[in-house]
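This is structure_36.pdb. It holds PDB, C-alpha atoms and all ligand atoms.
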ATOM      1  CA  MET A 310     185.264  90.326 -80.215  1.00  0.00           C
ATOM      2  CA  ALA A 311     186.323  92.112 -83.373  1.00  0.00           C
ATOM      3  CA  LEU A 312     186.918  95.628 -84.628  1.00  0.00           C
ATOM      4  CA  LEU A 313     184.804  96.169 -87.740  1.00  0.00           C
ATOM      5  CA  PRO A 314     185.866  98.440 -90.643  1.00  0.00           C
ATOM      6  CA  ILE A 315     183.713 101.611 -90.856  1.00  0.00           C
ATOM      7  CA  LEU A 316     182.438 102.720 -94.287  1.00  0.00           C
ATOM      8  CA  HIS A 317     183.306 106.274 -95.284  1.00  0.00           C
ATOM      9  CA  TYR A 318     181.041 108.764 -97.063  1.00  0.00           C
ATOM     10  CA  PRO A 319     180.304 108.811-100.010  1.00  0.00           C
ATOM     11  CA  ASP A 320     180.456 104.977-100.105  1.00  0.00           C
ATOM     12  CA  PRO A 321     177.180 103.917-101.838  1.00  0.00           C
ATOM     13  CA  ARG A 322     176.611 101.197 -99.208  1.00  0.00           C
ATOM     14  CA  LEU A 323     175.823 104.006 -96.711  1.00  0.00           C
ATOM     15  CA  TYR A 324     172.660 104.757 -98.751  1.00  0.00           C
ATOM     16  CA  LYS A 325     171.108 101.287 -98.270  1.00  0.00           C
ATOM     17  CA  THR A 326     167.970 100.901 -96.135  1.00  0.00           C
ATOM     18  CA  ALA A 327     168.513  98.370 -93.339  1.00  0.00           C
ATOM     19  CA  ALA A 328     166.038  95.492 -92.933  1.00  0.00           C
ATOM     20  CA  PRO A 329     164.300  94.728 -89.600  1.00  0.00           C
ATOM     21  CA  VAL A 330     165.954  92.049 -87.449  1.00  0.00           C
ATOM     22  CA  ALA A 331     163.708  88.986 -87.737  1.00  0.00           C
ATOM     23  CA  GLN A 332     165.096  87.190 -84.687  1.00  0.00           C
ATOM     24  CA  VAL A 333     167.310  88.474 -81.862  1.00  0.00           C
ATOM     25  CA  ASP A 334     169.723  85.550 -81.569  1.00  0.00           C
ATOM     26  CA  ASP A 335     173.419  84.876 -80.853  1.00  0.00           C
ATOM     27  CA  ARG A 336     174.408  86.216 -84.303  1.00  0.00           C
ATOM     28  CA  ILE A 337     172.793  89.579 -83.483  1.00  0.00           C
ATOM     29  CA  ARG A 338     174.289  89.598 -79.961  1.00  0.00           C
ATOM     30  CA  LYS A 339     177.776  89.031 -81.468  1.00  0.00           C
ATOM     31  CA  LEU A 340     177.137  91.878 -83.945  1.00  0.00           C
ATOM     32  CA  VAL A 341     176.182  94.120 -80.975  1.00  0.00           C
ATOM     33  CA  ARG A 342     179.406  93.199 -79.109  1.00  0.00           C
ATOM     34  CA  ASP A 343     181.558  93.871 -82.192  1.00  0.00           C
ATOM     35  CA  MET A 344     179.755  97.164 -82.913  1.00  0.00           C
ATOM     36  CA  ALA A 345     180.204  98.321 -79.310  1.00  0.00           C
ATOM     37  CA  GLU A 346     183.926  97.490 -79.415  1.00  0.00           C
ATOM     38  CA  THR A 347     184.249  99.345 -82.733  1.00  0.00           C
ATOM     39  CA  MET A 348     182.375 102.408 -81.394  1.00  0.00           C
ATOM     40  CA  TYR A 349     184.469 102.606 -78.185  1.00  0.00           C
ATOM     41  CA  ALA A 350     187.721 102.157 -80.140  1.00  0.00           C
ATOM     42  CA  ALA A 351     186.894 104.839 -82.765  1.00  0.00           C
ATOM     43  CA  PRO A 352     186.069 106.623 -80.374  1.00  0.00           C
ATOM     44  CA  GLY A 353     182.441 107.552 -80.910  1.00  0.00           C
ATOM     45  CA  ILE A 354     179.179 107.902 -79.007  1.00  0.00           C
ATOM     46  CA  GLY A 355     177.062 105.919 -81.468  1.00  0.00           C
ATOM     47  CA  LEU A 356     177.230 103.451 -84.349  1.00  0.00           C
ATOM     48  CA  ALA A 357     174.621 102.017 -86.716  1.00  0.00           C
ATOM     49  CA  ALA A 358     175.034  98.588 -88.345  1.00  0.00           C
ATOM     50  CA  THR A 359     174.873 100.257 -91.790  1.00  0.00           C
ATOM     51  CA  GLN A 360     178.216 101.939 -91.023  1.00  0.00           C
ATOM     52  CA  VAL A 361     179.904  98.531 -90.705  1.00  0.00           C
ATOM     53  CA  ASP A 362     178.214  97.237 -93.886  1.00  0.00           C
ATOM     54  CA  VAL A 363     175.582  95.170 -92.067  1.00  0.00           C
ATOM     55  CA  HIS A 364     172.145  96.192 -93.351  1.00  0.00           C
ATOM     56  CA  GLU A 365     170.006  95.201 -90.366  1.00  0.00           C
ATOM     57  CA  ARG A 366     168.343  97.566 -87.872  1.00  0.00           C
ATOM     58  CA  VAL A 367     170.827  97.561 -84.979  1.00  0.00           C
ATOM     59  CA  ILE A 368     172.263 100.593 -83.146  1.00  0.00           C
ATOM     60  CA  VAL A 369     174.666 101.015 -80.226  1.00  0.00           C
ATOM     61  CA  ILE A 370     174.977 104.300 -78.291  1.00  0.00           C
ATOM     62  CA  ASP A 371     176.951 105.408 -75.235  1.00  0.00           C
ATOM     63  CA  ILE A 372     176.864 109.109 -74.403  1.00  0.00           C
ATOM     64  CA  SER A 373     178.229 108.669 -70.853  1.00  0.00           C
ATOM     65  CA  GLU A 374     181.500 110.410 -69.866  1.00  0.00           C
ATOM     66  CA  GLU A 375     182.951 107.135 -68.593  1.00  0.00           C
ATOM     67  CA  GLY A 376     181.864 105.003 -71.570  1.00  0.00           C
ATOM     68  CA  ASN A 377     180.096 102.504 -69.307  1.00  0.00           C
ATOM     69  CA  ASP A 378     176.421 102.978 -70.194  1.00  0.00           C
ATOM     70  CA  LEU A 379     175.796 101.068 -73.422  1.00  0.00           C
ATOM     71  CA  LEU A 380     172.348 101.434 -75.005  1.00  0.00           C
ATOM     72  CA  VAL A 381     171.445  98.778 -77.580  1.00  0.00           C
ATOM     73  CA  LEU A 382     168.492  99.417 -79.889  1.00  0.00           C
ATOM     74  CA  ILE A 383     167.226  96.687 -82.206  1.00  0.00           C
ATOM     75  CA  ASN A 384     164.482  97.629 -84.693  1.00  0.00           C
ATOM     76  CA  PRO A 385     164.223 101.137 -83.159  1.00  0.00           C
ATOM     77  CA  GLU A 386     161.223 103.339 -83.990  1.00  0.00           C
ATOM     78  CA  ILE A 387     160.542 106.958 -83.074  1.00  0.00           C
ATOM     79  CA  ILE A 388     156.910 106.861 -81.962  1.00  0.00           C
ATOM     80  CA  GLU A 389     156.629 110.536 -80.889  1.00  0.00           C
ATOM     81  CA  SER A 390     158.609 113.668 -81.798  1.00  0.00           C
ATOM     82  CA  SER A 391     158.292 117.117 -80.228  1.00  0.00           C
ATOM     83  CA  ASP A 392     157.581 120.156 -82.371  1.00  0.00           C
ATOM     84  CA  ASP A 393     160.310 121.898 -80.335  1.00  0.00           C
ATOM     85  CA  ARG A 394     163.641 121.705 -82.149  1.00  0.00           C
ATOM     86  CA  GLN A 395     167.319 121.819 -81.159  1.00  0.00           C
ATOM     87  CA  VAL A 396     170.457 122.560 -83.152  1.00  0.00           C
ATOM     88  CA  TYR A 397     173.565 120.463 -82.385  1.00  0.00           C
ATOM     89  CA  GLU A 398     177.002 120.391 -83.987  1.00  0.00           C
ATOM     90  CA  GLU A 399     177.124 116.760 -85.167  1.00  0.00           C
ATOM     91  CA  GLY A 400     179.996 114.517 -86.176  1.00  0.00           C
ATOM     92  CA  CYS A 401     179.989 111.117 -87.840  1.00  0.00           C
ATOM     93  CA  LEU A 402     182.481 108.246 -87.837  1.00  0.00           C
ATOM     94  CA  SER A 403     181.670 107.773 -91.551  1.00  0.00           C
ATOM     95  CA  VAL A 404     182.555 111.412 -92.307  1.00  0.00           C
ATOM     96  CA  PRO A 405     185.913 111.950 -90.560  1.00  0.00           C
ATOM     97  CA  ASP A 406     186.854 115.455 -89.377  1.00  0.00           C
ATOM     98  CA  VAL A 407     183.568 117.059 -90.429  1.00  0.00           C
ATOM     99  CA  TYR A 408     181.370 118.710 -87.792  1.00  0.00           C
ATOM    100  CA  ASP A 409     178.364 120.863 -88.633  1.00  0.00           C
ATOM    101  CA  GLU A 410     175.061 122.050 -87.213  1.00  0.00           C
ATOM    102  CA  VAL A 411     171.908 119.999 -87.782  1.00  0.00           C
ATOM    103  CA  GLU A 412     168.398 120.829 -86.509  1.00  0.00           C
ATOM    104  CA  ARG A 413     166.313 117.953 -85.126  1.00  0.00           C
ATOM    105  CA  ALA A 414     163.434 117.289 -82.713  1.00  0.00           C
ATOM    106  CA  LEU A 415     164.314 118.233 -79.117  1.00  0.00           C
ATOM    107  CA  THR A 416     162.427 115.326 -77.502  1.00  0.00           C
ATOM    108  CA  ILE A 417     161.540 111.910 -78.887  1.00  0.00           C
ATOM    109  CA  ARG A 418     159.879 108.732 -77.618  1.00  0.00           C
ATOM    110  CA  VAL A 419     161.564 105.559 -78.847  1.00  0.00           C
ATOM    111  CA  ARG A 420     160.416 101.938 -79.007  1.00  0.00           C
ATOM    112  CA  ALA A 421     162.972  99.164 -79.629  1.00  0.00           C
ATOM    113  CA  LEU A 422     163.906  95.576 -78.780  1.00  0.00           C
ATOM    114  CA  ASP A 423     166.685  94.780 -76.299  1.00  0.00           C
ATOM    115  CA  GLN A 424     169.308  92.024 -76.653  1.00  0.00           C
ATOM    116  CA  GLN A 425     166.801  89.452 -75.355  1.00  0.00           C
ATOM    117  CA  GLY A 426     164.284  90.485 -78.004  1.00  0.00           C
ATOM    118  CA  GLU A 427     162.083  92.194 -75.401  1.00  0.00           C
ATOM    119  CA  PRO A 428     160.344  95.453 -76.398  1.00  0.00           C
ATOM    120  CA  PHE A 429     161.035  98.592 -74.337  1.00  0.00           C
ATOM    121  CA  GLU A 430     160.307 102.323 -74.628  1.00  0.00           C
ATOM    122  CA  PHE A 431     162.022 105.461 -73.391  1.00  0.00           C
ATOM    123  CA  GLU A 432     161.957 109.220 -73.815  1.00  0.00           C
ATOM    124  CA  ALA A 433     165.123 111.061 -74.896  1.00  0.00           C
ATOM    125  CA  ASP A 434     166.111 114.695 -75.144  1.00  0.00           C
ATOM    126  CA  GLY A 435     169.346 116.657 -75.642  1.00  0.00           C
ATOM    127  CA  LEU A 436     172.366 114.721 -76.935  1.00  0.00           C
ATOM    128  CA  LEU A 437     170.682 111.304 -76.588  1.00  0.00           C
ATOM    129  CA  ALA A 438     167.795 112.455 -78.815  1.00  0.00           C
ATOM    130  CA  VAL A 439     170.293 113.850 -81.354  1.00  0.00           C
ATOM    131  CA  CYS A 440     172.262 110.615 -81.371  1.00  0.00           C
ATOM    132  CA  VAL A 441     169.208 108.308 -81.704  1.00  0.00           C
ATOM    133  CA  GLN A 442     167.884 110.386 -84.642  1.00  0.00           C
ATOM    134  CA  HIS A 443     171.351 110.444 -86.299  1.00  0.00           C
ATOM    135  CA  GLU A 444     171.716 106.645 -85.981  1.00  0.00           C
ATOM    136  CA  ILE A 445     168.165 105.882 -87.197  1.00  0.00           C
ATOM    137  CA  ASP A 446     168.943 108.077 -90.221  1.00  0.00           C
ATOM    138  CA  HIS A 447     171.912 105.759 -90.933  1.00  0.00           C
ATOM    139  CA  LEU A 448     169.558 102.734 -90.878  1.00  0.00           C
ATOM    140  CA  ASN A 449     167.404 104.581 -93.413  1.00  0.00           C
ATOM    141  CA  GLY A 450     170.416 105.237 -95.661  1.00  0.00           C
ATOM    142  CA  LYS A 451     170.814 108.898 -94.719  1.00  0.00           C
ATOM    143  CA  VAL A 452     174.092 110.556 -93.666  1.00  0.00           C
ATOM    144  CA  PHE A 453     173.988 113.815 -91.649  1.00  0.00           C
ATOM    145  CA  VAL A 454     175.772 115.819 -94.377  1.00  0.00           C
ATOM    146  CA  GLU A 455     172.566 115.506 -96.432  1.00  0.00           C
ATOM    147  CA  TYR A 456     171.083 118.166 -94.104  1.00  0.00           C
ATOM    148  CA  LEU A 457     173.832 120.620 -95.194  1.00  0.00           C
ATOM    149  CA  SER A 458     173.879 122.861 -98.261  1.00  0.00           C
ATOM    150  CA  ARG A 459     174.653 121.335-101.666  1.00  0.00           C
ATOM    151  CA  LEU A 460     177.898 123.358-101.764  1.00  0.00           C
ATOM    152  CA  LYS A 461     179.072 121.955 -98.394  1.00  0.00           C
ATOM    153  CA  GLN A 462     178.142 118.398 -99.467  1.00  0.00           C
ATOM    154  CA  ASP A 463     180.145 118.758-102.704  1.00  0.00           C
ATOM    155  CA  ARG A 464     183.188 120.064-100.816  1.00  0.00           C
ATOM    156  CA  ILE A 465     183.020 117.245 -98.244  1.00  0.00           C
ATOM    157  CA  ARG A 466     182.642 114.585-100.968  1.00  0.00           C
ATOM    158  CA  THR A 467     185.605 115.959-102.933  1.00  0.00           C
ATOM    159  CA  ARG A 468     187.800 116.135 -99.814  1.00  0.00           C
ATOM    160  CA  LEU A 469     186.938 112.598 -98.661  1.00  0.00           C
ATOM    161  CA  ARG A 470     187.400 111.102-102.153  1.00  0.00           C
ATOM    162  CA  LYS A 471     190.852 112.735-102.315  1.00  0.00           C
ATOM    163  CA  LEU A 472     191.688 111.358 -98.858  1.00  0.00           C
ATOM    164  CA  ALA A 473     190.559 107.835 -99.877  1.00  0.00           C
ATOM    165  CA  ARG A 474     192.730 107.938-103.036  1.00  0.00           C
ATOM    166  CA  GLN A 475     195.692 109.142-100.947  1.00  0.00           C
ATOM    167  CA  ARG A 476     195.171 106.284 -98.448  1.00  0.00           C
ATOM    168  CA  GLU A 477     195.000 103.773-101.324  1.00  0.00           C
ATOM    169  CA  ARG A 478     198.312 105.056-102.748  1.00  0.00           C
ATOM    170  CA  GLU A 479     199.928 104.838 -99.306  1.00  0.00           C
ATOM    171  CA  MET A 480     198.721 101.213 -98.942  1.00  0.00           C
ATOM    172  CA  GLN A 481     200.251 100.329-102.318  1.00  0.00           C
ATOM    173  CA  THR A 482     203.670 101.742-101.366  1.00  0.00           C
ATOM    174  CA  VAL A 483     203.829  99.779 -98.081  1.00  0.00           C
TER     175      VAL A 483
HETATM  176  O1  LIG A 501     177.007 107.661 -86.098  1.00  0.00           O
HETATM  177  C1  LIG A 501     178.165 107.995 -85.944  1.00  0.00           C
HETATM  178  O2  LIG A 501     178.884 108.143 -86.910  1.00  0.00           O
HETATM  179  C2  LIG A 501     178.717 108.250 -84.562  1.00  0.00           C
HETATM  180  C3  LIG A 501     178.691 109.714 -84.159  1.00  0.00           C
HETATM  181  C4  LIG A 501     177.444 109.958 -83.320  1.00  0.00           C
HETATM  182  C5  LIG A 501     177.024 111.390 -83.174  1.00  0.00           C
HETATM  183  C6  LIG A 501     177.844 112.337 -82.618  1.00  0.00           C
HETATM  184  C7  LIG A 501     177.420 113.650 -82.464  1.00  0.00           C
HETATM  185  C8  LIG A 501     176.156 113.991 -82.864  1.00  0.00           C
HETATM  186  C9  LIG A 501     175.359 113.054 -83.442  1.00  0.00           C
HETATM  187  C10 LIG A 501     175.775 111.747 -83.587  1.00  0.00           C
HETATM  188  C11 LIG A 501     179.948 109.998 -83.364  1.00  0.00           C
HETATM  189  O3  LIG A 501     180.184 109.420 -82.374  1.00  0.00           O
HETATM  190  S1  LIG A 501     181.028 111.213 -83.972  1.00  0.00           S
HETATM  191  C12 LIG A 501     182.311 111.301 -82.719  1.00  0.00           C
HETATM  192  C13 LIG A 501     181.887 112.030 -81.501  1.00  0.00           C
HETATM  193  O4  LIG A 501     180.911 112.756 -81.505  1.00  0.00           O
HETATM  194  C14 LIG A 501     182.646 111.880 -80.238  1.00  0.00           C
HETATM  195  C15 LIG A 501     183.797 111.130 -80.167  1.00  0.00           C
HETATM  196  C16 LIG A 501     184.487 110.995 -78.971  1.00  0.00           C
HETATM  197  C17 LIG A 501     184.027 111.608 -77.850  1.00  0.00           C
HETATM  198  C18 LIG A 501     182.897 112.373 -77.896  1.00  0.00           C
HETATM  199  C19 LIG A 501     182.193 112.497 -79.087  1.00  0.00           C
HETATM  200 ZN    ZN A 502     177.080 108.894 -88.308  1.00  0.00          ZN
END
Turn the structure described in the file into C-alpha cells.
Amino acid sequence: MALLPILHYPDPRLYKTAAPVAQVDDRIRKLVRDMAETMYAAPGIGLAATQVDVHERVIVIDISEEGNDLLVLINPEIIESSDDRQVYEEGCLSVPDVYDEVERALTIRVRALDQQGEPFEFEADGLLAVCVQHEIDHLNGKVFVEYLSRLKQDRIRTRLRKLARQREREMQTV
C-alpha cells in the first residue's frame, strides 16, 4: 500500500473532469487501497481520485466513528435528489484549514459499481449525502470553495498560494 500526495487548491489539476472506469481490475483495486490508506492517514472522511491526480471516477468514503466502514464508489451517479436541502460546514483535504457552509440536497439516491464491478444502489442523507455530493463534485472538477463568495475564494487562493511558496522555500533550505 502507498500514501498518495494530495493536490492542493488552486492546483489546475483539481479542475479536470475524471473519465469513467472502463474495467474494474487489479489496477483499480490497488488505487482504491492506496486512496483508502491516504484518506485514513490524512485523516479525512472521503477522497476522490482527482485529489491524488488520478482522473478516473473512483471515490472512497468512511464516515464511521471507528473508521471501519469503507464505502467504495466506482463510476458513481446521483440518480435522484430531494428538493429538501441541508447546510453543512464542509472541509476538504485539498483546501487545508478551510471550513465553510455549503447547501446541498438533503437526500440522494446513488448508483455505482463495487470493487468487483457489480452495480449497486443506495439512498443517503445527512453527512453521507453531503460527502457523496462533495466527492462527485471533485470528479467533475469542482472544489467546494466554488460555492462560496468570490471574495472568500480570492482570500483562500491567496492564503494557500502563500503557504505553498513558504513550503517550497522550507524544502529548499533543508
Ligand atoms: O474530499 C475531501 O477533501 C475529504 C473531506 C470530505 C468532506 C468532509 C466534510 C464535508 C464534506 C466532505 C474531508 O474529509 S475534510 C476532513 C474532515 O472532515 C474530517 C477529518 C477527520 C475527522 C472528521 C472529519
Ligand atoms: Zn474535498
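Each of A:Leu436, A:Ala350, A:Leu415, A:Leu472 was checked against Glu399 (chain A) using only C-alpha atoms; the smallest atom-to-atom distance is that of A:Leu436.
Across the structure, atom C2 of ligand LIG 501 (chain A) and CA of Gly400 (chain A) are spaced 6.6 Å apart.
With all atoms listed in the file as the atoms that count, the residue of A:Glu398, A:Asp423, A:Asp371, A:Glu365 with the shortest distance to Pro352 (chain A) is A:Asp371.
Nearest to Phe431 (chain A) of all the residues A:Gln332, A:Ser403, A:Thr416, A:Thr326 is A:Thr416, based on only C-alpha atoms.
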Spell out the residues picked by the PyMOL selection byres (((chain A and resi 473-483) around 12) and not hetatm) here, as a PyMOL selection string. chain A and resi 316-320+404-405+466-472
Prev. selection, C-alpha atoms, output as a PDB file, keeping the file's coordinate frame:
ATOM      1  CA  LEU A 316     182.438 102.720 -94.287  1.00  0.00           C
ATOM      2  CA  HIS A 317     183.306 106.274 -95.284  1.00  0.00           C
ATOM      3  CA  TYR A 318     181.041 108.764 -97.063  1.00  0.00           C
ATOM      4  CA  PRO A 319     180.304 108.811-100.010  1.00  0.00           C
ATOM      5  CA  ASP A 320     180.456 104.977-100.105  1.00  0.00           C
ATOM      6  CA  VAL A 404     182.555 111.412 -92.307  1.00  0.00           C
ATOM      7  CA  PRO A 405     185.913 111.950 -90.560  1.00  0.00           C
ATOM      8  CA  ARG A 466     182.642 114.585-100.968  1.00  0.00           C
ATOM      9  CA  THR A 467     185.605 115.959-102.933  1.00  0.00           C
ATOM     10  CA  ARG A 468     187.800 116.135 -99.814  1.00  0.00           C
ATOM     11  CA  LEU A 469     186.938 112.598 -98.661  1.00  0.00           C
ATOM     12  CA  ARG A 470     187.400 111.102-102.153  1.00  0.00           C
ATOM     13  CA  LYS A 471     190.852 112.735-102.315  1.00  0.00           C
ATOM     14  CA  LEU A 472     191.688 111.358 -98.858  1.00  0.00           C
TER      15      LEU A 472
END
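Candidate residues A:Asn384, A:Gln462, A:Ser391, A:Gln424 were compared for distance to His364 (chain A), and the nearest is A:Asn384, using all atoms listed in the file.
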Saved region 415-443 of chain A from the preceding structure, N, CA and C atoms, as a PDB file, in the first residue's frame:
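Just written: out05.pdb:
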ATOM      1  N   LEU A 415     -30.678  17.231   0.601  1.00  0.00           N
ATOM      2  CA  LEU A 415     -30.704  16.512   1.884  1.00  0.00           C
ATOM      3  C   LEU A 415     -30.601  15.001   1.665  1.00  0.00           C
ATOM      4  N   THR A 416     -31.304  14.506   0.634  1.00  0.00           N
ATOM      5  CA  THR A 416     -31.357  13.058   0.381  1.00  0.00           C
ATOM      6  C   THR A 416     -31.029  12.804  -1.092  1.00  0.00           C
ATOM      7  N   ILE A 417     -30.218  11.772  -1.315  1.00  0.00           N
ATOM      8  CA  ILE A 417     -29.884  11.408  -2.698  1.00  0.00           C
ATOM      9  C   ILE A 417     -29.968   9.886  -2.862  1.00  0.00           C
ATOM     10  N   ARG A 418     -30.196   9.456  -4.095  1.00  0.00           N
ATOM     11  CA  ARG A 418     -30.100   8.023  -4.420  1.00  0.00           C
ATOM     12  C   ARG A 418     -28.920   7.865  -5.375  1.00  0.00           C
ATOM     13  N   VAL A 419     -28.038   6.929  -5.046  1.00  0.00           N
ATOM     14  CA  VAL A 419     -26.764   6.798  -5.756  1.00  0.00           C
ATOM     15  C   VAL A 419     -26.673   5.423  -6.404  1.00  0.00           C
ATOM     16  N   ARG A 420     -26.149   5.411  -7.639  1.00  0.00           N
ATOM     17  CA  ARG A 420     -25.840   4.133  -8.306  1.00  0.00           C
ATOM     18  C   ARG A 420     -24.326   4.131  -8.574  1.00  0.00           C
ATOM     19  N   ALA A 421     -23.680   2.986  -8.340  1.00  0.00           N
ATOM     20  CA  ALA A 421     -22.227   2.904  -8.540  1.00  0.00           C
ATOM     21  C   ALA A 421     -21.847   1.447  -8.794  1.00  0.00           C
ATOM     22  N   LEU A 422     -20.576   1.227  -9.118  1.00  0.00           N
ATOM     23  CA  LEU A 422     -20.032  -0.132  -9.192  1.00  0.00           C
ATOM     24  C   LEU A 422     -19.212  -0.390  -7.937  1.00  0.00           C
ATOM     25  N   ASP A 423     -19.196  -1.643  -7.474  1.00  0.00           N
ATOM     26  CA  ASP A 423     -18.333  -2.005  -6.343  1.00  0.00           C
ATOM     27  C   ASP A 423     -16.976  -2.504  -6.866  1.00  0.00           C
ATOM     28  N   GLN A 424     -16.136  -3.002  -5.958  1.00  0.00           N
ATOM     29  CA  GLN A 424     -14.773  -3.392  -6.357  1.00  0.00           C
ATOM     30  C   GLN A 424     -14.736  -4.648  -7.241  1.00  0.00           C
ATOM     31  N   GLN A 425     -15.885  -5.329  -7.345  1.00  0.00           N
ATOM     32  CA  GLN A 425     -15.968  -6.477  -8.267  1.00  0.00           C
ATOM     33  C   GLN A 425     -16.582  -6.052  -9.601  1.00  0.00           C
ATOM     34  N   GLY A 426     -16.894  -4.770  -9.717  1.00  0.00           N
ATOM     35  CA  GLY A 426     -17.514  -4.282 -10.953  1.00  0.00           C
ATOM     36  C   GLY A 426     -19.014  -4.492 -10.997  1.00  0.00           C
ATOM     37  N   GLU A 427     -19.588  -4.871  -9.823  1.00  0.00           N
ATOM     38  CA  GLU A 427     -21.038  -5.117  -9.759  1.00  0.00           C
ATOM     39  C   GLU A 427     -21.774  -3.824  -9.434  1.00  0.00           C
ATOM     40  N   PRO A 428     -22.886  -3.535 -10.158  1.00  0.00           N
ATOM     41  CA  PRO A 428     -23.656  -2.328  -9.839  1.00  0.00           C
ATOM     42  C   PRO A 428     -24.422  -2.479  -8.526  1.00  0.00           C
ATOM     43  N   PHE A 429     -24.543  -1.379  -7.772  1.00  0.00           N
ATOM     44  CA  PHE A 429     -25.392  -1.363  -6.579  1.00  0.00           C
ATOM     45  C   PHE A 429     -25.959   0.039  -6.411  1.00  0.00           C
ATOM     46  N   GLU A 430     -27.039   0.131  -5.616  1.00  0.00           N
ATOM     47  CA  GLU A 430     -27.695   1.427  -5.377  1.00  0.00           C
ATOM     48  C   GLU A 430     -27.949   1.594  -3.892  1.00  0.00           C
ATOM     49  N   PHE A 431     -27.962   2.823  -3.435  1.00  0.00           N
ATOM     50  CA  PHE A 431     -28.321   3.092  -2.037  1.00  0.00           C
ATOM     51  C   PHE A 431     -28.844   4.502  -1.913  1.00  0.00           C
ATOM     52  N   GLU A 432     -29.561   4.744  -0.790  1.00  0.00           N
ATOM     53  CA  GLU A 432     -30.065   6.084  -0.514  1.00  0.00           C
ATOM     54  C   GLU A 432     -29.220   6.665   0.613  1.00  0.00           C
ATOM     55  N   ALA A 433     -28.891   7.951   0.527  1.00  0.00           N
ATOM     56  CA  ALA A 433     -28.066   8.584   1.569  1.00  0.00           C
ATOM     57  C   ALA A 433     -28.720   9.886   1.994  1.00  0.00           C
ATOM     58  N   ASP A 434     -28.578  10.185   3.301  1.00  0.00           N
ATOM     59  CA  ASP A 434     -28.977  11.514   3.769  1.00  0.00           C
ATOM     60  C   ASP A 434     -27.931  11.995   4.770  1.00  0.00           C
ATOM     61  N   GLY A 435     -28.124  13.192   5.326  1.00  0.00           N
ATOM     62  CA  GLY A 435     -27.194  13.715   6.327  1.00  0.00           C
ATOM     63  C   GLY A 435     -25.777  13.792   5.804  1.00  0.00           C
ATOM     64  N   LEU A 436     -24.800  13.469   6.688  1.00  0.00           N
ATOM     65  CA  LEU A 436     -23.383  13.611   6.346  1.00  0.00           C
ATOM     66  C   LEU A 436     -22.970  12.754   5.142  1.00  0.00           C
ATOM     67  N   LEU A 437     -23.545  11.535   5.040  1.00  0.00           N
ATOM     68  CA  LEU A 437     -23.167  10.674   3.902  1.00  0.00           C
ATOM     69  C   LEU A 437     -23.568  11.333   2.579  1.00  0.00           C
ATOM     70  N   ALA A 438     -24.768  11.937   2.560  1.00  0.00           N
ATOM     71  CA  ALA A 438     -25.217  12.617   1.325  1.00  0.00           C
ATOM     72  C   ALA A 438     -24.313  13.810   1.015  1.00  0.00           C
ATOM     73  N   VAL A 439     -23.915  14.548   2.051  1.00  0.00           N
ATOM     74  CA  VAL A 439     -23.004  15.690   1.861  1.00  0.00           C
ATOM     75  C   VAL A 439     -21.699  15.196   1.247  1.00  0.00           C
ATOM     76  N   CYS A 440     -21.165  14.138   1.843  1.00  0.00           N
ATOM     77  CA  CYS A 440     -19.848  13.638   1.440  1.00  0.00           C
ATOM     78  C   CYS A 440     -19.879  13.094   0.007  1.00  0.00           C
ATOM     79  N   VAL A 441     -20.926  12.323  -0.337  1.00  0.00           N
ATOM     80  CA  VAL A 441     -21.019  11.776  -1.710  1.00  0.00           C
ATOM     81  C   VAL A 441     -21.092  12.930  -2.713  1.00  0.00           C
ATOM     82  N   GLN A 442     -21.894  13.954  -2.424  1.00  0.00           N
ATOM     83  CA  GLN A 442     -22.028  15.084  -3.364  1.00  0.00           C
ATOM     84  C   GLN A 442     -20.704  15.851  -3.487  1.00  0.00           C
ATOM     85  N   HIS A 443     -20.009  16.038  -2.343  1.00  0.00           N
ATOM     86  CA  HIS A 443     -18.708  16.730  -2.339  1.00  0.00           C
ATOM     87  C   HIS A 443     -17.692  15.969  -3.194  1.00  0.00           C
TER      88      HIS A 443
END
